[in-house]
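Peer 1: Structure file query22.txt (compact mmCIF, C-alpha atoms and all ligand atoms) right here:
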```txt
# COMPACT_ATOMS: atom_id res chain seq x y z
CA THR A 24 -3.22 11.23 -18.66
CA LEU A 25 0.30 11.30 -17.36
CA LYS A 26 3.38 10.25 -19.28
CA ALA A 27 6.18 9.08 -17.02
CA ASN A 28 9.56 7.59 -17.60
CA ILE A 29 10.35 5.14 -14.81
CA VAL A 30 13.79 3.62 -14.35
CA LEU A 31 13.88 0.14 -12.82
CA LEU A 32 17.02 -0.98 -11.00
CA PRO A 33 16.40 -4.64 -10.15
CA GLY A 34 19.89 -5.30 -8.77
CA ASP A 35 20.78 -8.57 -7.06
CA GLY A 36 19.31 -11.51 -5.16
CA ILE A 37 15.54 -11.20 -4.81
CA GLY A 38 15.74 -7.72 -6.44
CA PRO A 39 14.64 -8.86 -9.93
CA GLU A 40 11.87 -11.08 -8.50
CA ILE A 41 10.21 -8.31 -6.51
CA ILE A 42 10.76 -5.58 -9.12
CA GLN A 43 8.96 -7.73 -11.69
CA GLN A 44 5.84 -7.80 -9.52
CA ALA A 45 5.97 -4.06 -8.85
CA GLU A 46 6.37 -3.35 -12.57
CA LEU A 47 3.26 -5.41 -13.32
CA VAL A 48 1.33 -3.48 -10.69
CA LEU A 49 2.45 -0.13 -12.09
CA GLY A 50 1.57 -1.31 -15.61
CA ARG A 51 -1.92 -2.22 -14.48
CA ILE A 52 -2.32 1.15 -12.76
CA ALA A 53 -1.39 2.86 -16.03
CA ASP A 54 -4.05 0.81 -17.87
CA ILE A 55 -6.77 1.44 -15.31
CA PHE A 56 -6.15 5.17 -14.94
CA GLY A 57 -5.13 5.88 -18.53
CA HIS A 58 -1.50 6.82 -18.00
CA GLU A 59 1.57 6.05 -20.05
CA PHE A 60 4.41 4.65 -17.99
CA GLU A 61 7.58 3.78 -19.84
CA PHE A 62 9.91 1.38 -18.06
CA GLU A 63 13.63 1.17 -18.62
CA SER A 64 15.81 -1.30 -16.69
CA HIS A 65 19.39 -0.52 -15.77
CA LEU A 66 22.26 -2.15 -13.95
CA ILE A 67 23.28 -1.48 -10.38
CA GLY A 68 25.09 -3.47 -7.69
CA GLY A 69 26.72 -6.87 -8.07
CA ILE A 70 25.28 -7.58 -11.49
CA ALA A 71 26.73 -4.26 -12.68
CA ILE A 72 30.15 -5.21 -11.27
CA ASP A 73 29.96 -8.54 -13.10
CA THR A 74 28.83 -6.91 -16.35
CA CYS A 75 30.97 -3.79 -16.47
CA GLY A 76 33.23 -3.75 -13.44
CA ASP A 77 31.39 -0.84 -11.82
CA PRO A 78 28.48 -1.08 -9.33
CA LEU A 79 27.05 2.14 -10.79
CA PRO A 80 27.73 2.43 -14.53
CA GLN A 81 27.48 5.91 -16.03
CA ALA A 82 24.59 4.77 -18.26
CA THR A 83 22.59 4.05 -15.12
CA VAL A 84 23.27 7.47 -13.64
CA ASP A 85 22.34 9.18 -16.91
CA ALA A 86 19.10 7.21 -17.21
CA CYS A 87 18.18 7.98 -13.60
CA ARG A 88 18.80 11.70 -14.07
CA ALA A 89 16.61 11.73 -17.19
CA SER A 90 13.78 9.82 -15.49
CA ASN A 91 10.71 10.93 -13.55
CA ALA A 92 11.27 8.35 -10.84
CA ILE A 93 13.37 5.32 -9.97
CA LEU A 94 12.34 1.98 -8.46
CA LEU A 95 15.11 -0.14 -6.98
CA GLY A 96 15.07 -3.76 -5.83
CA ALA A 97 18.17 -4.49 -3.77
CA VAL A 98 21.91 -4.88 -4.17
CA GLY A 99 24.56 -7.13 -2.67
CA GLY A 100 25.17 -10.76 -1.90
CA PRO A 101 27.77 -13.27 -0.75
CA LYS A 102 29.36 -13.37 -4.20
CA TRP A 103 30.65 -9.82 -3.74
CA ASP A 104 31.29 -9.88 0.01
CA ASP A 105 35.07 -10.30 0.00
CA PRO A 106 36.26 -7.56 2.40
CA SER A 107 39.37 -6.97 0.29
CA ALA A 108 37.47 -6.54 -3.01
CA LYS A 109 38.16 -3.19 -4.67
CA THR A 110 34.50 -2.33 -5.04
CA ARG A 111 31.16 -3.53 -3.67
CA PRO A 112 27.52 -3.58 -4.81
CA GLU A 113 26.55 -1.38 -1.87
CA ALA A 114 28.90 1.35 -3.11
CA GLY A 115 26.67 1.69 -6.18
CA LEU A 116 23.63 2.35 -4.04
CA LEU A 117 25.44 4.90 -1.88
CA ARG A 118 26.70 6.68 -4.98
CA ILE A 119 23.33 6.95 -6.71
CA ARG A 120 21.86 8.41 -3.51
CA LYS A 121 24.68 10.94 -3.34
CA GLU A 122 24.73 11.79 -7.05
CA LEU A 123 21.00 12.51 -7.08
CA GLY A 124 21.15 14.43 -3.80
CA LEU A 125 18.61 12.13 -2.12
CA PHE A 126 19.20 13.37 1.41
CA ALA A 127 15.84 12.40 2.87
CA ASN A 128 14.84 8.77 3.28
CA LEU A 129 11.20 8.40 4.32
CA ARG A 130 10.47 5.09 5.99
CA PRO A 131 6.87 4.79 7.14
CA ILE A 132 6.24 2.12 9.76
CA ARG A 133 2.67 1.34 9.12
CA LEU A 134 0.81 -1.50 10.77
CA PHE A 135 -1.68 -3.38 8.68
CA SER A 136 -4.48 -4.37 11.03
CA GLN A 137 -4.76 -7.69 9.15
CA LEU A 138 -1.16 -8.47 10.09
CA VAL A 139 -1.13 -7.66 13.79
CA ASP A 140 -0.57 -11.31 14.58
CA ALA A 141 2.35 -11.56 12.13
CA SER A 142 4.44 -9.47 14.51
CA PRO A 143 6.62 -11.20 17.07
CA LEU A 144 5.47 -8.47 19.47
CA LYS A 145 2.28 -8.45 21.49
CA ARG A 146 -0.87 -7.03 19.96
CA GLU A 147 -1.54 -4.69 22.90
CA ILE A 148 1.90 -3.11 22.47
CA ILE A 149 1.91 -2.59 18.72
CA GLU A 150 -1.74 -1.81 17.94
CA GLY A 151 -2.13 1.78 16.80
CA THR A 152 1.53 2.20 15.83
CA ASP A 153 2.10 4.65 12.98
CA ILE A 154 5.60 6.08 12.73
CA LEU A 155 7.33 7.97 9.95
CA PHE A 156 11.10 7.77 10.08
CA LEU A 157 13.14 10.39 8.29
CA ARG A 158 16.62 9.01 7.90
CA GLU A 159 19.32 11.41 6.68
CA LEU A 160 20.75 9.60 3.66
CA THR A 161 23.71 11.41 2.10
CA GLY A 162 25.85 12.35 5.08
CA GLY A 163 27.16 11.10 8.39
CA ILE A 164 29.43 8.14 8.90
CA TYR A 165 28.38 6.52 5.60
CA PHE A 166 30.13 9.27 3.67
CA GLY A 167 32.97 10.28 6.01
CA ALA A 168 36.61 9.90 5.12
CA SER A 169 37.77 6.33 5.58
CA GLY A 170 40.94 4.39 5.24
CA ARG A 171 43.52 2.26 6.89
CA ASP A 172 46.74 2.98 8.71
CA ASP A 173 49.67 0.70 9.13
CA ASN A 174 49.80 1.83 12.77
CA ASN A 175 53.25 0.30 13.31
CA GLY A 176 52.17 -3.17 12.27
CA ASP A 177 48.89 -3.24 14.19
CA GLU A 178 46.80 -2.20 11.20
CA SER A 179 43.84 0.07 11.97
CA ALA A 180 40.85 1.36 10.04
CA TYR A 181 38.78 4.52 10.43
CA GLN A 182 35.58 6.07 9.14
CA GLN A 183 34.66 9.61 10.11
CA MET A 184 31.21 10.81 11.07
CA VAL A 185 30.59 14.33 9.82
CA TYR A 186 27.43 16.45 9.76
CA SER A 187 27.18 20.09 8.74
CA VAL A 188 24.63 22.67 9.91
CA SER A 189 22.92 22.81 6.53
CA GLU A 190 22.65 19.02 6.31
CA VAL A 191 20.91 18.89 9.68
CA GLU A 192 18.69 21.89 8.94
CA ARG A 193 17.24 20.51 5.74
CA ILE A 194 16.35 17.08 7.09
CA VAL A 195 14.91 18.48 10.33
CA ARG A 196 12.80 20.99 8.36
CA LEU A 197 11.42 18.24 6.18
CA ALA A 198 10.68 16.09 9.22
CA ALA A 199 8.93 18.97 11.01
CA LYS A 200 6.79 19.67 7.94
CA ALA A 201 5.89 15.99 7.76
CA ALA A 202 4.90 16.12 11.43
CA GLN A 203 2.61 19.09 10.74
CA GLY A 204 0.76 16.94 8.21
CA ARG A 205 0.39 14.11 10.73
CA ASP A 206 0.10 14.14 14.52
CA ASN A 207 2.37 17.20 14.93
CA ARG A 208 4.99 15.43 17.03
CA LEU A 209 8.68 15.09 16.19
CA THR A 210 11.39 13.07 17.94
CA SER A 211 15.04 13.60 17.06
CA VAL A 212 17.33 10.66 17.80
CA ASP A 213 21.05 11.11 18.37
CA LYS A 214 23.98 10.07 20.54
CA ALA A 215 24.81 13.55 21.82
CA ASN A 216 26.16 12.21 25.10
CA VAL A 217 29.13 10.77 23.20
CA LEU A 218 29.43 11.99 19.60
CA GLU A 219 30.38 15.52 18.50
CA PRO A 220 28.31 15.38 15.26
CA SER A 221 25.32 14.41 17.41
CA ARG A 222 25.87 17.46 19.62
CA LEU A 223 25.85 19.69 16.53
CA TRP A 224 22.75 17.81 15.31
CA ARG A 225 20.97 18.41 18.61
CA GLN A 226 21.81 22.14 18.68
CA VAL A 227 20.76 22.74 15.11
CA ALA A 228 17.57 20.69 15.43
CA ALA A 229 16.57 22.57 18.58
CA ARG A 230 17.13 25.94 16.90
CA VAL A 231 15.17 25.00 13.77
CA MET A 232 12.32 23.70 15.90
CA THR A 233 12.08 26.76 18.18
CA GLU A 234 12.52 29.33 15.43
CA GLU A 235 10.52 27.75 12.63
CA PHE A 236 8.19 25.14 14.13
CA PRO A 237 7.19 26.28 17.63
CA ASP A 238 3.81 24.58 17.13
CA VAL A 239 5.30 21.10 16.68
CA GLN A 240 5.71 19.05 19.86
CA TYR A 241 9.41 18.23 19.90
CA ASP A 242 11.67 16.00 21.95
CA VAL A 243 15.06 14.26 21.75
CA VAL A 244 15.96 10.68 22.60
CA LEU A 245 19.34 8.95 22.71
CA VAL A 246 19.64 6.20 20.12
CA ASP A 247 20.30 3.36 22.56
CA ALA A 248 17.21 4.23 24.57
CA MET A 249 15.24 4.65 21.35
CA ALA A 250 16.03 1.05 20.40
CA MET A 251 14.23 0.05 23.58
CA HIS A 252 11.32 2.51 23.42
CA LEU A 253 10.49 1.34 19.88
CA ILE A 254 9.73 -2.13 21.17
CA ASN A 255 8.23 -1.05 24.47
CA ARG A 256 5.99 1.88 23.51
CA PRO A 257 5.97 2.31 19.71
CA ARG A 258 2.64 4.17 19.78
CA ASP A 259 4.30 7.15 21.48
CA PHE A 260 6.14 8.15 18.30
CA ASP A 261 4.86 10.10 15.32
CA VAL A 262 7.72 11.42 13.16
CA VAL A 263 11.28 10.40 14.03
CA VAL A 264 14.28 12.15 12.48
CA THR A 265 17.79 10.77 12.75
CA GLY A 266 21.16 10.38 11.06
CA ASN A 267 22.16 7.92 8.39
CA MET A 268 23.42 4.97 10.41
CA PHE A 269 21.01 5.25 13.35
CA GLY A 270 18.14 5.44 10.85
CA ASP A 271 19.36 2.35 9.04
CA ILE A 272 19.48 0.30 12.20
CA LEU A 273 16.34 1.59 13.91
CA THR A 274 14.15 1.01 10.84
CA ASP A 275 15.20 -2.64 10.47
CA GLU A 276 14.33 -2.98 14.14
CA ALA A 277 11.03 -1.18 13.56
CA SER A 278 10.14 -3.61 10.78
CA MET A 279 9.28 -6.12 13.48
CA LEU A 280 6.34 -3.92 14.52
CA PRO A 281 4.45 -4.63 11.27
CA GLY A 282 6.02 -8.08 11.38
CA SER A 283 8.43 -8.29 8.44
CA LEU A 284 11.09 -6.40 6.53
CA GLY A 285 9.19 -7.62 3.49
CA MET A 286 6.40 -5.12 4.22
CA LEU A 287 8.38 -1.87 4.49
CA PRO A 288 8.77 0.57 1.58
CA SER A 289 10.85 3.72 1.46
CA ALA A 290 11.26 6.90 -0.56
CA SER A 291 14.54 8.73 -1.00
CA LEU A 292 14.03 12.35 -1.97
CA GLY A 293 16.16 15.37 -2.76
CA SER A 294 15.26 19.01 -3.13
CA ASP A 295 14.58 18.48 -6.83
CA GLY A 296 14.92 15.80 -9.51
CA PRO A 297 13.62 12.24 -9.48
CA GLY A 298 13.02 10.33 -6.26
CA LEU A 299 14.27 6.80 -5.66
CA TYR A 300 11.90 4.23 -4.22
CA GLU A 301 12.89 0.92 -2.72
CA PRO A 302 12.01 -1.62 -0.06
CA ILE A 303 14.09 -1.13 3.09
CA HIS A 304 15.22 -4.75 3.01
CA GLY A 305 18.17 -6.14 1.11
CA SER A 306 18.77 -8.80 -1.52
CA ALA A 307 17.88 -11.64 0.89
CA PRO A 308 20.45 -14.13 -0.46
CA ASP A 309 19.02 -16.83 1.81
CA ILE A 310 15.78 -16.95 -0.19
CA ALA A 311 16.88 -15.56 -3.59
CA GLY A 312 15.81 -17.64 -6.60
CA LYS A 313 13.22 -19.57 -4.62
CA GLY A 314 10.25 -17.45 -5.66
CA ILE A 315 9.14 -16.92 -2.08
CA ALA A 316 10.20 -13.33 -1.37
CA ASN A 317 7.49 -10.93 -0.26
CA PRO A 318 6.96 -8.38 -3.07
CA LEU A 319 4.69 -6.13 -1.00
CA ALA A 320 7.43 -3.78 0.29
CA THR A 321 8.40 -3.05 -3.31
CA ILE A 322 4.79 -2.76 -4.45
CA LEU A 323 4.18 -0.31 -1.59
CA ALA A 324 7.34 1.57 -2.64
CA ALA A 325 5.77 1.89 -6.09
CA ALA A 326 2.73 3.43 -4.40
CA MET A 327 5.00 5.92 -2.63
CA MET A 328 6.50 6.76 -6.03
CA LEU A 329 3.06 7.54 -7.45
CA ARG A 330 2.28 9.77 -4.48
CA HIS A 331 5.58 11.63 -4.04
CA SER A 332 7.16 11.82 -7.50
CA LEU A 333 4.27 11.53 -9.95
CA ASP A 334 1.61 13.37 -7.97
CA LEU A 335 -0.91 10.55 -8.42
CA PRO A 336 -2.41 10.11 -4.94
CA ALA A 337 -5.54 8.27 -6.08
CA GLU A 338 -3.39 5.74 -7.92
CA ALA A 339 -1.21 5.30 -4.82
CA ASP A 340 -4.32 4.78 -2.71
CA ALA A 341 -5.51 2.15 -5.19
CA ILE A 342 -2.33 0.11 -4.74
CA GLU A 343 -2.45 0.38 -0.96
CA ALA A 344 -6.12 -0.65 -0.94
CA ALA A 345 -5.32 -3.67 -3.11
CA VAL A 346 -2.54 -4.71 -0.72
CA GLU A 347 -4.93 -4.41 2.21
CA ALA A 348 -7.53 -6.46 0.37
CA VAL A 349 -5.00 -9.22 -0.27
CA LEU A 350 -4.05 -9.29 3.40
CA ALA A 351 -7.70 -9.24 4.46
CA ASP A 352 -8.25 -12.30 2.29
CA GLY A 353 -5.61 -14.09 4.35
CA LEU A 354 -2.97 -14.35 1.62
CA ARG A 355 0.53 -14.49 3.08
CA THR A 356 4.07 -14.95 1.83
CA ALA A 357 6.21 -17.08 4.13
CA ASP A 358 7.73 -14.13 6.02
CA ILE A 359 4.31 -12.99 7.27
CA ALA A 360 2.66 -16.41 7.53
CA ARG A 361 4.15 -17.32 10.91
CA GLY A 362 4.21 -20.98 9.97
CA ALA A 363 0.74 -21.06 8.42
CA GLU A 364 0.11 -21.70 4.73
CA SER A 365 1.91 -19.33 2.37
CA ILE A 366 2.07 -18.34 -1.29
CA GLY A 367 5.01 -17.29 -3.47
CA THR A 368 6.19 -13.99 -4.92
CA GLU A 369 4.31 -14.28 -8.20
CA ALA A 370 1.08 -15.47 -6.62
CA MET A 371 1.22 -12.52 -4.23
CA GLY A 372 1.86 -10.09 -7.09
CA ASN A 373 -1.03 -11.60 -9.03
CA ALA A 374 -3.33 -11.34 -6.05
CA VAL A 375 -2.60 -7.60 -5.82
CA LEU A 376 -3.17 -7.18 -9.57
CA GLN A 377 -6.56 -8.88 -9.33
CA ARG A 378 -7.71 -6.52 -6.61
CA LEU A 379 -6.61 -3.31 -8.30
CA THR A 380 -9.50 -1.06 -9.14
CA GLN A 381 -9.98 2.63 -9.72
P1 LIG B 1 18.27 -8.60 4.03
O1 LIG B 1 17.35 -7.47 4.26
O2 LIG B 1 18.58 -8.92 2.62
O3 LIG B 1 17.65 -9.92 4.71
C1 LIG B 1 17.43 -10.02 6.11
C2 LIG B 1 16.42 -11.14 6.38
O4 LIG B 1 15.12 -10.70 5.97
C3 LIG B 1 16.72 -12.40 5.59
O5 LIG B 1 16.39 -13.51 6.37
C4 LIG B 1 15.79 -12.30 4.41
O6 LIG B 1 15.41 -13.54 3.85
C5 LIG B 1 14.59 -11.56 4.99
N1 LIG B 1 13.93 -10.76 3.96
C6 LIG B 1 14.36 -9.58 3.44
N2 LIG B 1 13.52 -9.16 2.50
C7 LIG B 1 12.54 -10.06 2.41
C8 LIG B 1 11.37 -10.16 1.60
N3 LIG B 1 11.05 -9.25 0.68
N4 LIG B 1 10.57 -11.24 1.76
C9 LIG B 1 10.87 -12.17 2.69
N5 LIG B 1 11.95 -12.13 3.48
C10 LIG B 1 12.78 -11.08 3.34
O7 LIG B 1 19.58 -8.30 4.85
P2 LIG B 1 21.00 -9.08 4.88
O8 LIG B 1 20.78 -10.53 4.72
O9 LIG B 1 21.68 -8.56 6.06
O10 LIG B 1 21.77 -8.52 3.61
C11 LIG B 1 21.86 -9.22 2.38
C12 LIG B 1 22.52 -8.34 1.35
O11 LIG B 1 21.63 -7.27 1.01
C13 LIG B 1 23.81 -7.67 1.80
O12 LIG B 1 24.70 -7.72 0.71
C14 LIG B 1 23.41 -6.25 2.11
O13 LIG B 1 24.45 -5.33 1.91
C15 LIG B 1 22.33 -6.03 1.11
N6 LIG B 1 21.36 -5.00 1.46
C16 LIG B 1 20.93 -4.21 0.44
C17 LIG B 1 19.96 -3.26 0.67
C18 LIG B 1 19.51 -2.43 -0.47
O14 LIG B 1 19.80 -2.72 -1.62
N7 LIG B 1 18.79 -1.34 -0.23
C19 LIG B 1 19.40 -3.13 1.94
C20 LIG B 1 19.86 -3.97 2.97
C21 LIG B 1 20.83 -4.91 2.71
C1 LIG B 2 19.51 0.17 3.30
C2 LIG B 2 20.73 -0.69 3.17
C3 LIG B 2 21.89 0.16 2.67
C4 LIG B 2 22.19 1.19 3.75
C5 LIG B 2 23.19 -0.58 2.29
C6 LIG B 2 22.93 -1.75 1.39
C7 LIG B 2 24.16 0.36 1.67
O1 LIG B 2 21.02 -1.32 4.38
O2 LIG B 2 19.08 0.74 2.28
O3 LIG B 2 18.95 0.28 4.39
O4 LIG B 2 22.85 0.88 4.75
O5 LIG B 2 21.76 2.34 3.57
MN MN B 3 19.45 -1.08 5.88
```
Could you render the structure as structure tokens?
Ligand code: NAD
Ligand code: IPM
Ligand code: MN
Peer 2:
Amino acid sequence: TLKANIVLLPGDGIGPEIIQQAELVLGRIADIFGHEFEFESHLIGGIAIDTCGDPLPQATVDACRASNAILLGAVGGPKWDDPSAKTRPEAGLLRIRKELGLFANLRPIRLFSQLVDASPLKREIIEGTDILFLRELTGGIYFGASGRDDNNGDESAYQQMVYSVSEVERIVRLAAKAAQGRDNRLTSVDKANVLEPSRLWRQVAARVMTEEFPDVQYDVVLVDAMAMHLINRPRDFDVVVTGNMFGDILTDEASMLPGSLGMLPSASLGSDGPGLYEPIHGSAPDIAGKGIANPLATILAAAMMLRHSLDLPAEADAIEAAVEAVLADGLRTADIARGAESIGTEAMGNAVLQRLTQ
């Protein structure tokens, strides 16, 4: 029996809808396997701005620090999109990542064989794809100094991209270790032909790989070319390590391999303390409140939480098997139905619950 204290951060838009389904799944796992999971919900994002004027209230940070793991829905939405607003929902997410030191964002691109035809890409191109992205999450351009200059009346804005040796070392090491547990291949993606931080990244990555991981097959690809290779020959990649912004963009692109953003979970991990688990998609304002969002990315994020933070691999396997069973039975939310018949968020959550077994 494991006792775990899990913080839920539903956030905005479809966040609460999908978190509800994942909570039910985790609750059922606790029942089946005899664990005690305690859930505590806290504010983050737009709803936190509306409630207390801060996208990341101190109470949320404290609860996260005291927890065993955190499950987040999504933040943001048109209501808080005014570019001149003094704070934004997204700032809350960036801050919790930084405060908890969650420098490594694992984004597995896993194809469900049942869903091959949900992808806009051809079966013969995507079949066999299995990529693990490691996106650096607490550095780079997301966290560089920013501001505006009057610039003699022609106002300008800037945002610096900075990476240090130790930041690159730790994410590359983690990626190389992940590769050793998989197909032993690592690709580092950068823009070293143009950007100075990318040149540092490339030097440091090469040194870490030669000195510490000579057994891992290693190569480098420029980010613009990578955007193409991902669509053209996705099978050629095993583990991919890259900086914060490139990783953000490439993984949304990669979501079209399995067929939908609504299928992709992620884990954000630091060197110690609780991990944060979330779907890679956002608050989907276009479908929020309609009860049609795909909860599977969040449910799969809950599985990653069981595996990485709570050391419950059999329980994680059980969730993933239930998701596969649901897909095998032909159940689809709209985003993966490709025009065929679809079910809603709750029905999909229920279908997973029904198929959960030890
Ligand atoms: P988005 O990921 O919210 O949506 C992109 C498209 O994918 C939309 O058409 C949406 O309906 C669809 N989609 C996303 N998740 C889905 C799901 N589970 N089921 C079915 N369809 C799904 O990206 P966006 O529209 O560019 O951004 C909306 C807001 O979300 C913005 O405020 C953005 O900052 C925020 N955002 C938050 C996170 C996060 O909290 N981690 C991530 C990305 C974007
Ligand atoms: C993500 C999101 C976030 C990011 C935003 C909402 C800050 O797009 O988690 O991928 O860019 O990291
Ligand atoms: Mn993103």
Peer 1: Go through the chains and note each residue within 7 Å of ligand MN 3 (chain B), using only C-alpha atoms and all ligand atoms, then give the set as a ChimeraX atom specification.
Peer 2: /A:271-272,275,303-304
Peer 1: Restrict the selected residues to C-alpha atoms and save them as a compact mmCIF listing (two decimals), in the frame of the given file.
Peer 2:
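Here's the written file selection_29.txt:
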```txt
# COMPACT_ATOMS: atom_id res chain seq x y z
CA ASP A 271 19.36 2.35 9.04
CA ILE A 272 19.48 0.30 12.20
CA ASP A 275 15.20 -2.64 10.47
CA ILE A 303 14.09 -1.13 3.09
CA HIS A 304 15.22 -4.75 3.01
```
Peer 1: Taking (5.7, 9.4, -4.3) as a centre in this file's frame and 10 Å as the limit, can you find every polymer residue with an atom that close, using only C-alpha atoms, and give them as a list in words?
Peer 2: Ala92, Ser289, Ala290, Ser291, Leu292, Pro297, Gly298, Leu299, Tyr300, Ala324, Ala325, Ala326, Met327, Met328, Leu329, Arg330, His331, Ser332, Leu333, Asp334, Leu335, Pro336 and Ala339 of chain A
Peer 1: Between atom CA of Leu376 of chain A and atom CA of Gln43 of chain A, what is the distance, to one decimal in Å?
Peer 2: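 Separating atom CA of Leu376 of chain A from atom CA of Gln43 of chain A is a distance of 12.3 Å.
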Peer 1: Between atom CA of Thr321 of chain A and atom CA of Leu95 of chain A, measure the distance and give it in Å to one decimal.
Peer 2: 8.2 Å
Peer 1: Could you tell me which of A:Asn373, A:Ala316, A:Phe60, A:Gly163 comes closest to Gln182 of chain A if we count all atoms listed in the file?
Peer 2: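 Closest candidate: A:Gly163.
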Peer 1: For a cutoff of 10 Å around the file-coordinate point (5.1, 7.7, -19.0), which residues qualify once you count all atoms listed in the file? I'd like the result as a list in words.
Peer 2: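 The residues that fall inside the cut-off are Thr24, Leu25, Lys26, Ala27, Asn28, Ile29, Ala53, His58, Glu59, Phe60, Glu61, Phe62, Ser90, Asn91 and Leu333 of chain A.
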Peer 1: Take the selection from the previous step and output its residues with C-alpha atoms, as a CSV table (one decimal), keeping the file's coordinate frame.
Peer 2:
```
chain,number,residue,atom,x,y,z
A,24,THR,CA,-3.2,11.2,-18.7
A,25,LEU,CA,0.3,11.3,-17.4
A,26,LYS,CA,3.4,10.2,-19.3
A,27,ALA,CA,6.2,9.1,-17.0
A,28,ASN,CA,9.6,7.6,-17.6
A,29,ILE,CA,10.4,5.1,-14.8
A,53,ALA,CA,-1.4,2.9,-16.0
A,58,HIS,CA,-1.5,6.8,-18.0
A,59,GLU,CA,1.6,6.0,-20.0
A,60,PHE,CA,4.4,4.6,-18.0
A,61,GLU,CA,7.6,3.8,-19.8
A,62,PHE,CA,9.9,1.4,-18.1
A,90,SER,CA,13.8,9.8,-15.5
A,91,ASN,CA,10.7,10.9,-13.6
A,333,LEU,CA,4.3,11.5,-10.0
```
Peer 1: Counting all atoms listed in the file, which protein, DNA or RNA residues come within 6 Å of ligand LIG 1 (chain B), given as a VMD selection string?
Peer 2: chain A and resid 97 to 100 113 284 to 285 303 to 310 316 to 318 358
Peer 1: Just C-alpha atoms for this one: save the residues we selected as a compact mmCIF listing (two decimals), keeping the file's coordinate frame.
Peer 2:
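Done, and the output landed in part25.txt:
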```txt
# COMPACT_ATOMS: atom_id res chain seq x y z
CA ALA A 97 18.17 -4.49 -3.77
CA VAL A 98 21.91 -4.88 -4.17
CA GLY A 99 24.56 -7.13 -2.67
CA GLY A 100 25.17 -10.76 -1.90
CA GLU A 113 26.55 -1.38 -1.87
CA LEU A 284 11.09 -6.40 6.53
CA GLY A 285 9.19 -7.62 3.49
CA ILE A 303 14.09 -1.13 3.09
CA HIS A 304 15.22 -4.75 3.01
CA GLY A 305 18.17 -6.14 1.11
CA SER A 306 18.77 -8.80 -1.52
CA ALA A 307 17.88 -11.64 0.89
CA PRO A 308 20.45 -14.13 -0.46
CA ASP A 309 19.02 -16.83 1.81
CA ILE A 310 15.78 -16.95 -0.19
CA ALA A 316 10.20 -13.33 -1.37
CA ASN A 317 7.49 -10.93 -0.26
CA PRO A 318 6.96 -8.38 -3.07
CA ASP A 358 7.73 -14.13 6.02
```
Peer 1: Excluding Val185 of chain A and any residue of its chain fewer than 5 positions from it, enumerate the residues within 9 Å of it, using all atoms listed in the file, and give them as a short mmCIF file (atom, residue, chain, number, x, y, z; two decimals) with C-alpha atoms, in the frame of the given file.
Peer 2:
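Saved as selection.cif:
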```
data_model
loop_
_atom_site.label_atom_id
_atom_site.label_comp_id
_atom_site.auth_asym_id
_atom_site.auth_seq_id
_atom_site.Cartn_x
_atom_site.Cartn_y
_atom_site.Cartn_z
CA GLY A 162 25.85 12.35 5.08
CA GLY A 163 27.16 11.10 8.39
CA ILE A 164 29.43 8.14 8.90
CA PHE A 166 30.13 9.27 3.67
CA GLY A 167 32.97 10.28 6.01
CA ALA A 168 36.61 9.90 5.12
CA GLU A 219 30.38 15.52 18.50
CA PRO A 220 28.31 15.38 15.26
#
```
Peer 1: Which one of A:Val212, A:Met279, A:Met249, A:Val231 sits closest to Thr265 of chain A if you count all atoms listed in the file?
Peer 2: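 Looking only at the distances to Thr265 of chain A, the closest residue turns out to be A:Val212.
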Peer 1: Between atom CA of Ala337 of chain A and atom CA of Gln137 of chain A, what distance in Å does the model show, to one decimal?
Peer 2: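 Computed distance, atom CA of Ala337 of chain A to atom CA of Gln137 of chain A, equals 22.1 Å.
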Peer 1: Return the single residue from A:Ser221, A:Gln381, A:Thr83, A:Ser107 that is closest to Glu343 of chain A, with distances computed using all atoms listed in the file.
Peer 2: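 Among the listed residues, A:Gln381 lies closest to Glu343 of chain A.
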Peer 1: Would you list the contacts of Arg51 of chain A as number ranges by chain, taking every protein, DNA or RNA residue within 12 Å and counting all atoms listed in the file, but skipping same-chain residues closer than 2 positions in sequence?
Peer 2: A: 44-49, 53-60, 338, 341-342, 345, 372-373, 375-381
Peer 1: For ligand LIG 2 (chain B), take all atoms listed in the file, fit an axis-aligned box around them, add 3 Å to each of the six sides, then output centre and edge lengths in Å rounded to one decimal, as AutoDock Vina command-line options.
Peer 2:
```
--center_x 21.6 --center_y 0.3 --center_z 3.1 --size_x 11.2 --size_y 10.1 --size_z 9.4
```
Peer 1: Which neighbours of Leu31 of chain A fall inside 8 Å, counting all atoms listed in the file, when residues of the same chain fewer than 5 positions from it are skipped, and could you give them as an MDAnalysis selection string?
Peer 2: chainID A and resid 42 62:65 93:95
Peer 1: With all atoms listed in the file as the atoms that count, which of A:Ala360, A:Ile194, A:Ala89, A:Ala277 lies nearest to Arg133 of chain A?
Peer 2: A:Ala277
